[in-house]
Amino acid sequence: QALTYSTSSSSQLWLQQPQQLVHLLLLLAQLSWGAPDELLLPDTTAKTADEPAGSGSESDSDSDNVYSDANSVATQACTSGWAMVGFRSQGVTTNVGIGSTTLQETAARVWQPELVAAAMSNLPAPQITQLLHLLQQLFVSGIQTAAITASQQPSAQLAAAMQAGLQWGNRAAQVLAGLSAKQQLQQQLINKLLTALPDWLCWSDSSSSSGTNTGPCDMLGHSMLIMVTSVLVLRLGCSVMLPWQSSGTDKAAAAVFDANRQWLLLELLCSSAYFAQEEEQQQQLLHSGGERNTQLQHCVSAAAAAAQKHLCSIACSDDSSTTAAAGDVLSSMFSMLLYAAQSAEPSSVQVWSAALSSLLQHASISVAAHSDSKERLLPILQQFCSNTVAAAVAQQDTPHAGSLLSVLEVLASMFRFRSEADVTAARLDNLSLDVIARARQLQSLEASSTAADSSDSAREQALLLQLLQLCGACFPVQFSHRQHQQQQAGHAANRLHAGSSTSAERQALMQLLQQVCSSSSSSNSSMPKVLCQLQLCCVGYCWSEMSAPDWHVVLHDLQQQLSSARRDTDRTASGLAGAACTAAQQFLAAMASRWPDTMTPVLAIQLLSRLADKSLLQGQAAIVDMLTGLVQQAVQGLPSPTLRLSLQLLSAVIQLQQQVQEAGRAPQLGLALSAAWRELLALCLSLGAAVAVAAGCGEGPLGVVISCLSTEGATWQLLADCLDNLSELNLLDKAVTAANDRLEMLGVDSVSSCLALLQAPTTSMQQQQPTVQRESFGPLQQLAWRLLLRPNSLAHITHAASTAAKGDGAAEMPEFGVNGDAATYLVHVGLRPELAAAVTTPDTWETFLLHWALLLAHLAKLRVYSPQAQRVLTLALRDVPELVPQLLELVVGLMGLRGSSKGSNAAMAFGASDSSGDTGAAGSWGTGSSAAAVGLGKASTLAGLAQLSGKLQAMGSSSNSAATIAATATDSWDLTTALANIGLPTAAPKWQLLAAAVYRAVLHLLPASARLWFSDLRDRSLTSAVEVYTTKYESPALLAAEFAVIKRDSAGSSGEVGANYNFKVKASQAAREVTAVLEIEDGATLVLQVKLPAAAPLKAAEVECKNKVSSWECVDVITSSLTDCLQNTCIGKGNPVPLIHMCMAATLTAAGNLQLTLLWCSTVLHVSGLHISPVHLPGRFTQACNVLSLRPVLTLERVKCPAKRP
């Protein structure tokens, strides 16, 4: 602290012992080396500042405790070991023992740029020179030693070199940041670093007049020093590494700027392009640590991008002195890179071309960002296009004409998407007209050539192909991706944008297309792709000038290209099935087992799948290698090279459909689009079939197929966008039916194909990075989800209907044992194996939830066309103890019903135990992704739950109008409609909606399982939240549906059910009560009263049963009992009055009539021979005695009795 802060005392300290402080600083620098911070990558996402990077010093509180951690050195030295680092000072080698990591980290906190800056300000001049000289020696010798060490690792030389470059770059950045006030010394140290290794420049040469390197290159040294350079550019800024002028009055510093280091910028550009070229091949070269090596390569790319941005921004600045110099550098680099691309070896042409394209793109971005730069940077680009590029294109015998394509595409996009005046100023119109004229001339010569001229035919075809490619590059089209809201509105997700062009260009382009299409087909395999590109340019720029014959040719060729791509995919799937058959036969032969005479793909896939599950296939390494090789051979060329261009052309046609039809230029456009959509749907299902067959062969073949398909994410997005505009929904059902017939020989159907696409990225996580796969497979998964929700597919999600139709349903239903396998049990009741595995032992919670949603939608459909199958599946799902509870545990967490209860975060992780404390099947699901990782499972407020319920109701209703939804009947919500409107979730809100839809479906379709789960909950807060949500948002609809059915069935005036007047039902929806009355005979009734709970179906209903017989039957029983008592017991042995009183009260209750009770009493007493005065009767009977005579004969005439009674 005393040395770092600028005070009078610190200056005295520096001057007292300067020589000792120099040695101390060197020791401190070496002691700090090896700290973990040295392996940190610079932030490649943040904006790179031009000024020197900050020091990053610790706060005062940290500085006070700098030496406090050193007390633990003695206790940690024995466990951490000692490393000896030597440095040379005045010819003497000194060894410093570095102790624990704690001491190393402490030294790293002390060795900061502020300390170096203080040394530069306070040390005498000789000691400053000595310190810089020793630091230069340390860095140069350290880099050289690291290069030797990396060369001793033959399996990962380049990876070790780049890792060492990162380490030494971070070490040098600490020192260079402290030298920001001494620019001359700073640049001297940078020059020493850039020359630490000989022959490391691969693409540039600082001493060559041409700027490009033609000598040998040390790839190991190049990898290390390019990494050092990249780290310094990102940490210090481009103004330090790529200076343009000296600041202040230090004129001596201008000598060290080394011509602005144009060669270093060239090296960064080409190195970045080299790393981006064939990334998979680079990963094979950098064997170990693939993900880390990719990050290091991205660091180089970020440094190159920062350098290009810095150069272009200077060229657009207001400083005339630097703007002119930067413009000259840009112009010379444009010419230099183009010349190198034209004259380089074939292996490096793409690198030079990509570097030039990258620099042109940054220049284009600067022109668009700086409106005032038009007069400075745009003329440089226009001059480069009109002079250098035009001259290169005019050369017919260019050995590498393909290098001009990307350059011409960038320039053409820049000028055409600005204005027609810019096109003319850059003379791009003259260039395109010249290319078109030469192509037409060559096309005419080729058409008129004879067999005698066949020796020159191949050369002429190759040249014609190059000219047509250049013509396509002159007319670029762009597709802008629209947002998801606009996709749902029915608009094309990829919108075609064409630039400006002159009328002469459009006319010449149409003539070229007509001439090429009318000529005979070329034998060159690349011609269909070039022709499709040319047709796309014509549709983009000249669609209003195309006639009906022109549209007919374009649409016919488009359909042929799509059909060809579909057939290629079918052949790939067939090749995979053939590879499975070959591998299965080889395995059976190796096991000396007898195999069928004809090995079908169905048998082969079943055999390989079972062998893989039992880990028997892995033991046959030769067979596995043979199978992988056959799979790799089968997927070559997948997808078709013309598929992406064909999809772009189809997207453009769909966008222009209405305008073209209104103009009457393409009468058959609707039929052509229908045919194209059919081919696309068949192509999607064929891709799914290929994935399904590969999945049955094991993880290795599946990984090969997934790796092949995951590189075409943009193509699959185009395919999905084209099908989003599908107006004829019946084409989806027809495609499913047609695919079942076509894929039958492969052992798969349309449903298994879609399920394979839905599961593909999760089943091969060990083969590729899952994030990249999900992004690439997202469009295909959306299509698979859409197809699975169609009626034809949804009806065949399981085989339960056909299984139930064969037998006796529940009578033949297997039993699930205590230790039984859940997936096997579900397969026995009709589930597909892949679906049973997904709902019992999935890889991720997303897979689990998606397949459960499909299964529940299938159950809802079974209610209509196969109730018996629906009942069997419902019982089977209930019999597996933890199946439905695990689903409900997940969905209530995703919905946010857990709140802040204890253990909610743990339960949100996939595979966590349920709230009751029991670990179910999910406990063995493995390392799936957590729902919390996508922002799910957070506690939802009451307003949030209300909004969630409203959105869910809107998703499941046929109309999205709020008024219509409010007036819709309660049972109008449909699960399939909701799933289709939600789509395949990609963000947290959609996953929450899907979870809510699944929860509602479980309550409707599996109420008994839901009730069992709710009764087993032990978390009180979760129980309360679930009950409140269900009572408020789910139960009302369920209860309303129940009471609607009751009211519909009991439509009689008095509640009679049908024509049966002996059975009546009364319902009270307000009280949630249902009363059923069954009249048995003569007033005898059976009453059943059911009170439904407010949280139905989570709680059981309250049931009360009452048996009621007729009043006269009660009187008969009482009469018989009283008569027997009076005659046999009470006569002469006691007072009969209490007994009579009790019987009269019972009779009154049964008969419900006071007068009738008195009549009964007098009759019984008369028959028994007893006479009782009214005084002995109960008080309530005394008044009635005055009205009625107790004589039975008189009373019988006055009281109406039932006809059946005496």
# chains A, B, ... in the order shown; residues from 1 in each chain; ligands from 1
call {"tool": "residues_around", "arguments": {"residues": "A:Arg790", "least_positions_apart": "3", "cutoff": "9 Å", "atoms": "only C-alpha atoms", "output": "MDAnalysis selection string"}}
result
chainID A and resid 732:733 736 786:787 793:795 976
call {"tool": "select_by_dssp", "arguments": {"residues": "stretch 443-634 of chain A", "states": "alpha helix (DSSP H)", "output": "JSON, numbers by chain"}}
result
{"A": [443, 444, 445, 446, 447, 448, 457, 458, 459, 460, 461, 462, 463, 464, 465, 466, 467, 468, 469, 470, 471, 472, 473, 474, 484, 485, 486, 487, 488, 503, 504, 505, 506, 507, 508, 509, 510, 511, 512, 513, 514, 515, 516, 517, 518, 527, 528, 529, 530, 531, 532, 533, 534, 535, 536, 537, 538, 539, 540, 541, 542, 548, 549, 550, 551, 552, 553, 554, 555, 556, 557, 558, 559, 560, 561, 562, 563, 564, 565, 566, 567, 568, 569, 570, 571, 572, 573, 574, 575, 576, 577, 578, 579, 580, 581, 582, 583, 584, 585, 586, 587, 588, 589, 590, 601, 602, 603, 604, 605, 606, 607, 608, 609, 610, 611, 612, 613, 621, 622, 623, 624, 625, 626, 627, 628, 629, 630, 631, 632, 633, 634]}
call {"tool": "residues_around", "arguments": {"residues": "stretch 1020-1029 of chain A", "least_positions_apart": "5", "cutoff": "8 Å", "atoms": "only C-alpha atoms", "output": "list of chain:residue names"}}
result
A:Val892, A:Leu897, A:Arg898, A:Gly899, A:Ser901, A:Leu945, A:Phe1014, A:Glu1034, A:Ala1095, A:Leu1098
call {"tool": "write_last_selection", "arguments": {"atoms": "N, CA and C atoms", "output": "mmCIF file, in the first residue's frame"}}
result
data_model
loop_
_atom_site.group_PDB
_atom_site.id
_atom_site.type_symbol
_atom_site.label_atom_id
_atom_site.label_comp_id
_atom_site.auth_asym_id
_atom_site.auth_seq_id
_atom_site.Cartn_x
_atom_site.Cartn_y
_atom_site.Cartn_z
ATOM 1 N N VAL A 892 -47.499 -29.121 -10.594
ATOM 2 C CA VAL A 892 -47.825 -28.106 -9.593
ATOM 3 C C VAL A 892 -46.600 -27.246 -9.299
ATOM 4 N N LEU A 897 -47.356 -23.416 -7.701
ATOM 5 C CA LEU A 897 -48.230 -23.631 -6.546
ATOM 6 C C LEU A 897 -47.458 -23.998 -5.286
ATOM 7 N N ARG A 898 -46.158 -24.275 -5.428
ATOM 8 C CA ARG A 898 -45.399 -24.632 -4.237
ATOM 9 C C ARG A 898 -45.100 -23.432 -3.364
ATOM 10 N N GLY A 899 -45.070 -22.259 -3.944
ATOM 11 C CA GLY A 899 -44.774 -21.074 -3.156
ATOM 12 C C GLY A 899 -43.367 -21.133 -2.609
ATOM 13 N N SER A 901 -42.473 -22.927 0.059
ATOM 14 C CA SER A 901 -42.468 -24.003 1.029
ATOM 15 C C SER A 901 -41.107 -24.646 1.100
ATOM 16 N N LEU A 945 -52.068 -16.543 -11.017
ATOM 17 C CA LEU A 945 -52.857 -17.766 -11.203
ATOM 18 C C LEU A 945 -54.146 -17.475 -11.966
ATOM 19 N N PHE A 1014 -53.497 -36.419 -3.750
ATOM 20 C CA PHE A 1014 -53.785 -35.308 -2.845
ATOM 21 C C PHE A 1014 -53.913 -35.795 -1.397
ATOM 22 N N GLU A 1034 -60.587 -24.826 -11.182
ATOM 23 C CA GLU A 1034 -60.806 -26.101 -11.864
ATOM 24 C C GLU A 1034 -62.122 -26.769 -11.462
ATOM 25 N N ALA A 1095 -63.602 -28.832 -3.649
ATOM 26 C CA ALA A 1095 -62.337 -29.101 -4.330
ATOM 27 C C ALA A 1095 -62.408 -30.413 -5.089
ATOM 28 N N LEU A 1098 -60.450 -33.667 -5.855
ATOM 29 C CA LEU A 1098 -59.355 -33.954 -4.930
ATOM 30 C C LEU A 1098 -59.846 -34.538 -3.614
#
call {"tool": "residues_around", "arguments": {"residues": "A:Pro379", "least_positions_apart": "2", "cutoff": "12 Å", "atoms": "only C-alpha atoms", "output": "list of chain:residue names"}}
result
A:Ala315, A:Cys316, A:Gly327, A:Asp328, A:Leu330, A:Ser331, A:Ala363, A:Ser364, A:Val367, A:Ser373, A:Lys374, A:Glu375, A:Arg376, A:Leu377, A:Leu381, A:Gln382, A:Gln383, A:Phe384, A:Cys385, A:Ser386, A:Asn387, A:Phe415, A:Asp422, A:Ala425, A:Ala426, A:Arg427
call {"tool": "atom_distance", "arguments": {"atom1": "atom CA of A:Asp434", "atom2": "atom CA of A:Trp352"}}
result
25.4 Å
call {"tool": "residues_around", "arguments": {"residues": "A:Leu718", "least_positions_apart": "4", "cutoff": "7 Å", "atoms": "only C-alpha atoms", "output": "ChimeraX atom specification"}}
result
/A:647-648,714,722
call {"tool": "write_last_selection", "arguments": {"atoms": "N, CA and C atoms", "output": "short mmCIF file (atom, residue, chain, number, x, y, z; two decimals), in the first residue's frame"}}
result
data_model
loop_
_atom_site.label_atom_id
_atom_site.label_comp_id
_atom_site.auth_asym_id
_atom_site.auth_seq_id
_atom_site.Cartn_x
_atom_site.Cartn_y
_atom_site.Cartn_z
N LEU A 647 -36.41 -24.52 -50.39
CA LEU A 647 -37.29 -24.00 -49.36
C LEU A 647 -37.35 -22.47 -49.38
N GLN A 648 -36.23 -21.84 -49.67
CA GLN A 648 -36.24 -20.38 -49.82
C GLN A 648 -37.11 -19.95 -50.99
N ALA A 714 -31.03 -23.90 -39.84
CA ALA A 714 -31.69 -22.90 -40.69
C ALA A 714 -32.60 -23.56 -41.73
N CYS A 722 -42.48 -22.70 -43.96
CA CYS A 722 -43.31 -22.97 -45.14
C CYS A 722 -44.58 -23.71 -44.77
#
call {"tool": "residues_around", "arguments": {"residues": "stretch 782-785 of chain A", "least_positions_apart": "3", "cutoff": "10 Å", "atoms": "only C-alpha atoms", "output": "number ranges by chain"}}
result
A: 681, 684-685, 688, 716-717, 719-721, 723-724, 750-751, 753-758, 777-779, 788-790, 850, 854, 979-980, 983-986
call {"tool": "write_last_selection", "arguments": {"atoms": "C-alpha atoms", "output": "mmCIF file, in the first residue's frame"}}
result
data_model
loop_
_atom_site.group_PDB
_atom_site.id
_atom_site.type_symbol
_atom_site.label_atom_id
_atom_site.label_comp_id
_atom_site.auth_asym_id
_atom_site.auth_seq_id
_atom_site.Cartn_x
_atom_site.Cartn_y
_atom_site.Cartn_z
ATOM 1 C CA LEU A 681 -44.774 -33.297 -44.895
ATOM 2 C CA CYS A 684 -40.494 -34.456 -42.351
ATOM 3 C CA LEU A 685 -41.924 -37.899 -41.622
ATOM 4 C CA GLY A 688 -38.428 -38.936 -38.297
ATOM 5 C CA TRP A 716 -35.433 -26.950 -40.745
ATOM 6 C CA GLN A 717 -36.591 -23.473 -39.737
ATOM 7 C CA LEU A 719 -39.264 -26.012 -43.661
ATOM 8 C CA ALA A 720 -41.347 -25.234 -40.592
ATOM 9 C CA ASP A 721 -42.070 -21.695 -41.782
ATOM 10 C CA LEU A 723 -45.674 -25.397 -43.408
ATOM 11 C CA ASP A 724 -46.936 -22.692 -41.053
ATOM 12 C CA SER A 750 -45.934 -41.852 -38.736
ATOM 13 C CA VAL A 751 -46.529 -41.735 -34.986
ATOM 14 C CA SER A 753 -41.473 -41.097 -36.580
ATOM 15 C CA CYS A 754 -42.884 -38.016 -34.872
ATOM 16 C CA LEU A 755 -42.120 -39.412 -31.422
ATOM 17 C CA ALA A 756 -38.535 -40.053 -32.522
ATOM 18 C CA LEU A 757 -38.151 -36.412 -33.613
ATOM 19 C CA LEU A 758 -39.647 -35.283 -30.339
ATOM 20 C CA PHE A 777 -34.221 -29.529 -33.841
ATOM 21 C CA GLY A 778 -36.746 -27.015 -32.564
ATOM 22 C CA PRO A 779 -38.495 -26.527 -35.949
ATOM 23 C CA LEU A 788 -49.069 -35.825 -33.392
ATOM 24 C CA LEU A 789 -52.063 -33.708 -32.403
ATOM 25 C CA ARG A 790 -53.939 -34.458 -35.600
ATOM 26 C CA LEU A 850 -44.680 -33.612 -23.329
ATOM 27 C CA LEU A 854 -49.939 -36.607 -25.608
ATOM 28 C CA LEU A 979 -52.061 -28.286 -26.803
ATOM 29 C CA ALA A 980 -52.204 -27.229 -30.445
ATOM 30 C CA GLY A 983 -47.492 -25.389 -29.351
ATOM 31 C CA LEU A 984 -44.230 -26.974 -28.365
ATOM 32 C CA PRO A 985 -43.043 -24.828 -25.437
ATOM 33 C CA THR A 986 -39.752 -22.996 -25.788
#
call {"tool": "residues_around", "arguments": {"residues": "stretch 992-1008 of chain A", "least_positions_apart": "2", "cutoff": "7 Å", "atoms": "only C-alpha atoms", "output": "MDAnalysis selection string"}}
result
chainID A and resid 853 856 874 888 891 894:895 948 952 975 988:990 1010:1012 1034 1097
call {"tool": "write_last_selection", "arguments": {"atoms": "C-alpha atoms", "output": "mmCIF file, in the first residue's frame"}}
result
data_model
loop_
_atom_site.group_PDB
_atom_site.id
_atom_site.type_symbol
_atom_site.label_atom_id
_atom_site.label_comp_id
_atom_site.auth_asym_id
_atom_site.auth_seq_id
_atom_site.Cartn_x
_atom_site.Cartn_y
_atom_site.Cartn_z
ATOM 1 C CA ALA A 853 -49.674 -34.442 -22.491
ATOM 2 C CA LEU A 856 -53.797 -37.588 -21.832
ATOM 3 C CA THR A 874 -56.997 -45.488 -16.828
ATOM 4 C CA LEU A 888 -48.642 -33.995 -10.506
ATOM 5 C CA VAL A 891 -46.883 -29.783 -12.880
ATOM 6 C CA LEU A 894 -44.134 -25.610 -12.791
ATOM 7 C CA MET A 895 -47.398 -23.791 -12.138
ATOM 8 C CA LEU A 948 -52.840 -18.408 -16.058
ATOM 9 C CA LEU A 952 -55.566 -21.708 -20.419
ATOM 10 C CA LEU A 975 -57.219 -30.558 -24.332
ATOM 11 C CA ALA A 988 -41.159 -20.455 -19.332
ATOM 12 C CA PRO A 989 -44.696 -19.039 -19.893
ATOM 13 C CA LYS A 990 -45.544 -21.768 -22.406
ATOM 14 C CA ALA A 1010 -55.453 -37.288 -8.442
ATOM 15 C CA ARG A 1011 -57.485 -37.889 -5.272
ATOM 16 C CA LEU A 1012 -55.025 -40.518 -4.047
ATOM 17 C CA GLU A 1034 -60.806 -26.101 -11.864
ATOM 18 C CA PRO A 1097 -62.195 -34.332 -7.431
#
call {"tool": "atom_distance", "arguments": {"atom1": "atom CA of A:Gln130", "atom2": "atom CA of A:Trp168"}}
result
21.0 Å
call {"tool": "atom_distance", "arguments": {"atom1": "atom CA of A:Ser366", "atom2": "atom CA of A:Met414"}}
result
11.2 Å
call {"tool": "closest_residue", "arguments": {"among": "A:Ala1041, A:Val1065, A:Met224, A:Leu611", "to": "A:Leu197", "atoms": "only C-alpha atoms"}}
result
A:Met224
